[in-house]
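Chemist: Data file run03.cif (mmCIF, C-alpha atoms) is appended below.
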```
data_start
loop_
_atom_site.label_atom_id
_atom_site.label_comp_id
_atom_site.auth_asym_id
_atom_site.auth_seq_id
_atom_site.Cartn_x
_atom_site.Cartn_y
_atom_site.Cartn_z
CA MET A 1 0.00 0.00 0.00
CA VAL A 2 1.22 3.52 -0.81
CA ASP A 3 0.57 6.38 1.64
CA LYS A 4 0.08 10.11 1.04
CA TYR A 5 3.87 10.58 0.86
CA GLY A 6 4.28 8.10 -1.97
CA GLU A 7 5.77 5.59 0.48
CA GLY A 8 5.05 1.90 0.52
CA ASP A 9 4.79 -0.42 3.50
CA GLU A 10 8.56 -0.51 4.04
CA GLY A 11 8.17 2.24 6.63
CA GLN A 12 5.95 0.05 8.81
CA ARG A 13 7.38 -2.15 11.49
CA ASP A 14 5.62 -5.02 13.16
CA GLY A 15 7.44 -6.08 16.29
CA GLY A 16 5.31 -9.19 16.92
CA ALA A 17 2.36 -9.97 19.12
CA GLY A 18 0.97 -6.91 20.86
CA ALA A 19 3.57 -4.62 19.29
CA GLN A 20 2.45 -1.27 17.99
CA ARG A 21 2.68 -0.76 14.22
CA LEU A 22 4.68 2.34 13.38
CA ARG A 23 3.87 4.45 10.34
CA LEU A 24 7.11 6.07 9.37
CA ARG A 25 8.35 7.34 6.07
CA HIS A 26 11.33 5.21 5.00
CA PHE A 27 14.45 6.59 6.68
CA SER A 28 16.18 7.37 3.38
CA ARG A 29 13.11 9.32 2.18
CA SER A 30 12.70 11.51 5.26
CA MET A 31 13.15 15.21 4.56
CA PRO A 32 16.03 15.68 7.04
CA MET A 33 17.94 12.73 5.55
CA LEU A 34 17.34 13.86 1.96
CA LEU A 35 18.63 17.33 2.85
CA LEU A 36 21.63 15.93 4.75
CA ARG A 37 22.58 13.60 1.89
CA ALA A 38 22.28 16.44 -0.63
CA ARG A 39 24.42 18.68 1.61
CA GLU A 40 27.06 15.95 1.98
CA SER A 41 27.12 15.26 -1.76
CA VAL A 42 27.85 18.96 -2.35
CA MET A 43 30.24 19.54 0.56
CA LYS A 44 32.49 16.60 -0.31
CA HIS A 45 33.57 18.61 -3.35
CA PHE A 46 34.58 21.58 -1.18
CA ARG A 47 36.39 19.70 1.60
CA ASN A 48 39.66 19.18 -0.26
CA ALA A 49 39.92 22.89 -1.01
CA LEU A 50 39.15 23.72 2.63
CA ARG A 51 41.84 21.28 3.77
CA MET A 52 44.37 22.95 1.46
CA TYR A 53 43.94 26.13 3.51
CA ASP A 54 43.53 24.35 6.86
CA ILE A 55 39.98 25.66 7.28
CA THR A 56 37.04 23.73 8.68
CA GLU A 57 33.55 23.95 7.21
CA GLN A 58 32.39 25.97 10.22
CA GLN A 59 35.34 28.37 9.96
CA TRP A 60 34.61 28.85 6.26
CA ARG A 61 30.94 29.50 7.03
CA ILE A 62 31.96 32.23 9.48
CA LEU A 63 34.44 33.84 7.08
CA ARG A 64 31.87 33.76 4.26
CA ALA A 65 29.30 35.44 6.50
CA LEU A 66 31.81 38.11 7.54
CA VAL A 67 32.59 39.00 3.92
CA SER A 68 29.00 40.14 3.45
CA VAL A 69 29.02 42.64 6.35
CA LYS A 70 31.32 45.37 7.64
CA GLU A 71 31.07 43.91 11.14
CA ILE A 72 28.58 41.85 13.11
CA GLU A 73 27.71 41.18 16.75
CA VAL A 74 28.54 37.67 17.96
CA THR A 75 24.94 36.56 18.60
CA GLU A 76 23.93 37.80 15.14
CA LEU A 77 26.84 35.84 13.66
CA ALA A 78 25.70 32.72 15.52
CA ARG A 79 22.22 33.06 14.01
CA ALA A 80 23.58 33.76 10.53
CA THR A 81 25.91 30.74 10.57
CA PHE A 82 23.67 28.32 12.50
CA LEU A 83 26.39 27.73 15.09
CA LEU A 84 25.78 27.35 18.79
CA GLY A 85 27.31 30.00 21.04
CA PRO A 86 29.98 27.81 22.70
CA SER A 87 31.13 26.40 19.34
CA LEU A 88 31.17 29.84 17.77
CA SER A 89 33.18 31.23 20.68
CA ARG A 90 35.83 28.50 20.29
CA ILE A 91 36.00 28.93 16.51
CA LEU A 92 36.30 32.71 16.79
CA LYS A 93 39.28 32.28 19.14
CA GLU A 94 40.92 29.99 16.57
CA LEU A 95 40.26 32.43 13.72
CA GLU A 96 41.45 35.37 15.80
CA GLY A 97 44.62 33.45 16.70
CA ARG A 98 45.27 32.97 12.97
CA HIS A 99 44.60 36.71 12.40
CA LEU A 100 41.72 35.92 10.02
CA ILE A 101 39.20 37.96 11.99
CA GLU A 102 39.24 41.00 14.25
CA ARG A 103 37.25 41.49 17.43
CA HIS A 104 36.16 44.99 18.49
CA PRO A 105 34.21 46.08 21.58
CA ASP A 106 30.67 47.17 20.82
CA GLU A 107 30.51 50.97 21.24
CA ASN A 108 27.02 50.78 22.78
CA ASP A 109 27.64 47.81 25.09
CA LEU A 110 31.22 47.03 26.10
CA ARG A 111 30.17 43.56 27.29
CA ARG A 112 29.52 42.63 23.66
CA ALA A 113 31.97 42.19 20.83
CA ARG A 114 31.70 42.94 17.13
CA ILE A 115 33.51 40.73 14.66
CA SER A 116 34.92 41.64 11.25
CA ILE A 117 37.07 39.87 8.73
CA SER A 118 40.74 40.91 8.67
CA ALA A 119 42.95 41.62 5.66
CA ALA A 120 44.44 38.13 6.05
CA GLY A 121 40.92 36.68 6.15
CA LEU A 122 40.02 38.52 2.95
CA GLU A 123 43.19 37.22 1.32
CA LEU A 124 42.24 33.67 2.28
CA ILE A 125 38.72 34.19 0.92
CA GLU A 126 40.21 35.43 -2.36
CA LYS A 127 42.43 32.34 -2.68
CA MET A 128 39.62 29.96 -1.75
CA THR A 129 37.15 31.68 -4.10
CA ARG A 130 39.12 30.48 -7.12
CA HIS A 131 38.62 26.87 -6.02
CA SER A 132 35.04 27.51 -4.96
CA ASP A 133 34.15 28.98 -8.37
CA GLU A 134 35.60 25.91 -10.12
CA ILE A 135 33.60 23.60 -7.87
CA TYR A 136 30.39 25.55 -8.46
CA SER A 137 31.03 25.35 -12.21
CA GLU A 138 31.39 21.57 -11.97
CA ILE A 139 28.20 21.27 -9.94
CA ILE A 140 26.27 23.46 -12.37
CA HIS A 141 27.68 21.51 -15.31
CA ALA A 142 26.55 18.22 -13.71
CA TYR A 143 23.16 19.44 -12.47
CA GLY A 144 22.26 22.24 -14.90
CA ALA A 145 22.12 26.00 -14.39
CA GLU A 146 18.33 26.25 -14.63
CA ARG A 147 17.78 23.30 -12.29
CA MET A 148 20.27 24.88 -9.85
CA ARG A 149 18.32 28.17 -9.89
CA ASP A 150 15.07 26.25 -9.42
CA LEU A 151 16.54 24.24 -6.55
CA GLN A 152 17.84 27.35 -4.81
CA LYS A 153 14.44 29.01 -5.19
CA LEU A 154 12.62 25.92 -3.88
CA LEU A 155 14.92 25.67 -0.86
CA GLU A 156 14.42 29.35 -0.07
CA GLU A 157 10.65 28.87 -0.37
CA LEU A 158 10.80 25.81 1.90
CA GLU A 159 12.78 27.78 4.48
CA GLY A 160 10.22 30.61 4.31
CA ALA A 161 7.30 28.21 4.64
CA MET A 162 8.90 26.47 7.61
CA ALA A 163 9.46 29.84 9.29
CA GLN A 164 5.67 30.24 9.26
CA VAL A 165 5.08 26.94 11.06
CA ASP A 166 4.58 27.43 14.79
CA VAL A 167 6.63 24.59 16.27
CA SER A 168 4.74 24.79 19.59
CA GLU A 169 1.48 24.02 17.77
CA VAL A 170 3.07 21.05 16.00
CA ASP A 171 4.47 19.82 19.33
CA ALA A 172 1.07 20.24 21.02
CA ALA A 173 -0.67 18.31 18.21
CA ALA A 174 1.87 15.53 18.64
CA GLY A 175 1.32 15.47 22.41
CA PHE A 176 4.59 17.12 23.44
CA VAL A 177 4.36 19.49 26.37
CA ALA A 178 6.99 22.14 27.11
CA ASP A 179 8.34 22.24 30.65
CA ASP A 180 8.01 25.75 32.05
#
```
I'd like the structure from this file rewritten - as structure tokens, please.
Modeler:
Amino acid sequence: MVDKYGEGDEGQRDGGAGAQRLRLRHFSRSMPMLLLRARESVMKHFRNALRMYDITEQQWRILRALVSVKEIEVTELARATFLLGPSLSRILKELEGRHLIERHPDENDLRRARISISAAGLELIEKMTRHSDEIYSEIIHAYGAERMRDLQKLLEELEGAMAQVDVSEVDAAAGFVADD
């Protein structure tokens, strides 16, 4: 039997007498796994270039975010890069130690810091961009420019649609209760 997701019975599990039947989408067809596999299939092409410059994916994400702004407050940078505060703090120390970023006190609140990319960080971005452009060209050649534009648009639309979903309502419908 095929369900509303186009899945067959392979997602069901019968654990024997008295066991509850689970209706799950097949693991490989779940949205999070599809997105993770797609991300991994893309990122594996970038990892060698990152290794050449001794940069981790998270460090690269931070440097790329910093290129697009003059400076940014640490909590804003965490949101922009999807990194947790403790991880971001550790990575910023590493990048600062390599002189790839600069940390400045916030003029309005000295407890906060503002981060900007340094000249050395910009130089690294420039070197890495040559490799990145080649990799993007290969991906576009393999996947198609129009399909790539469509995919980017669909992913942006999915992100926007998911931003409209109130997670607390979904949790309540599923029977999850937040501890206050």
Chemist: Using only C-alpha atoms, determine which residues lie at most 12 Å from Arg114 of chain A, disregarding the query and same-chain residues fewer than 2 positions distant; provide the list as an MDAnalysis selection string.
Modeler: chainID A and resid 66 69:78 92 101:112 116:117
Chemist: Under the rule that only C-alpha atoms are counted, which of A:Gly121, A:Gly97, A:Pro32, A:Gly144 is the nearest residue to Leu63 of chain A?
Modeler: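 Distance minimum relative to Leu63 of chain A lands on A:Gly121.
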Chemist: Hey, what comes out of the PyMOL selection byres ((chain A and resi 132) around 12) on this file? Could you write it as a list in words?
Modeler: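 Answer for the PyMOL selection byres ((chain A and resi 132) around 12): Val42, Met43, His45, Phe46, Arg47, Asn48, Ala49, Leu50, Trp60, Arg64, Leu124, Ile125, Glu126, Lys127, Met128, Thr129, Arg130, His131, Asp133, Glu134, Ile135, Tyr136, Ser137, Glu138 and Ile139 of chain A.
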Chemist: Could you check how far atom CA of Ala119 of chain A sits from atom CA of Ile91 of chain A, in Å to one decimal?
Modeler: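 One can read the atom CA of Ala119 of chain A to atom CA of Ile91 of chain A distance as 18.1 Å.
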Chemist: Would you work out the distance separating atom CA of Asp150 of chain A from atom CA of Met31 of chain A, expressed in Å to one decimal?
Modeler: 17.9 Å
Chemist: Given 4 Å on each side, where is the centre and what are the edge lengths in Å to one decimal of the axis-aligned box enclosing the listed atoms of segment 56-68 of chain A, as lines of an AutoDock Vina configuration file?
Modeler:
```
center_x = 33.0
center_y = 31.9
center_z = 6.8
size_x = 16.0
size_y = 24.4
size_z = 14.8
```
Chemist: Counting all atoms listed in the file, figure out which residue out of A:Arg90, A:Leu151, A:Leu122, A:Ile62 gets nearest to Ala38 of chain A.
Modeler: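 Distance minimum relative to Ala38 of chain A lands on A:Leu151.
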Chemist: Considering all atoms listed in the file, can you say which of A:Arg23, A:Lys153, A:Ser118, A:Ile140 comes closest to His99 of chain A?
Modeler: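 Answer, going by the shortest atom-to-atom distance: A:Ser118.
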Chemist: Quick one: distance from atom CA of Met148 of chain A to atom CA of Leu36 of chain A in Å, one decimal?
Modeler: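 Distance reported for this atom pair: 17.2 Å.
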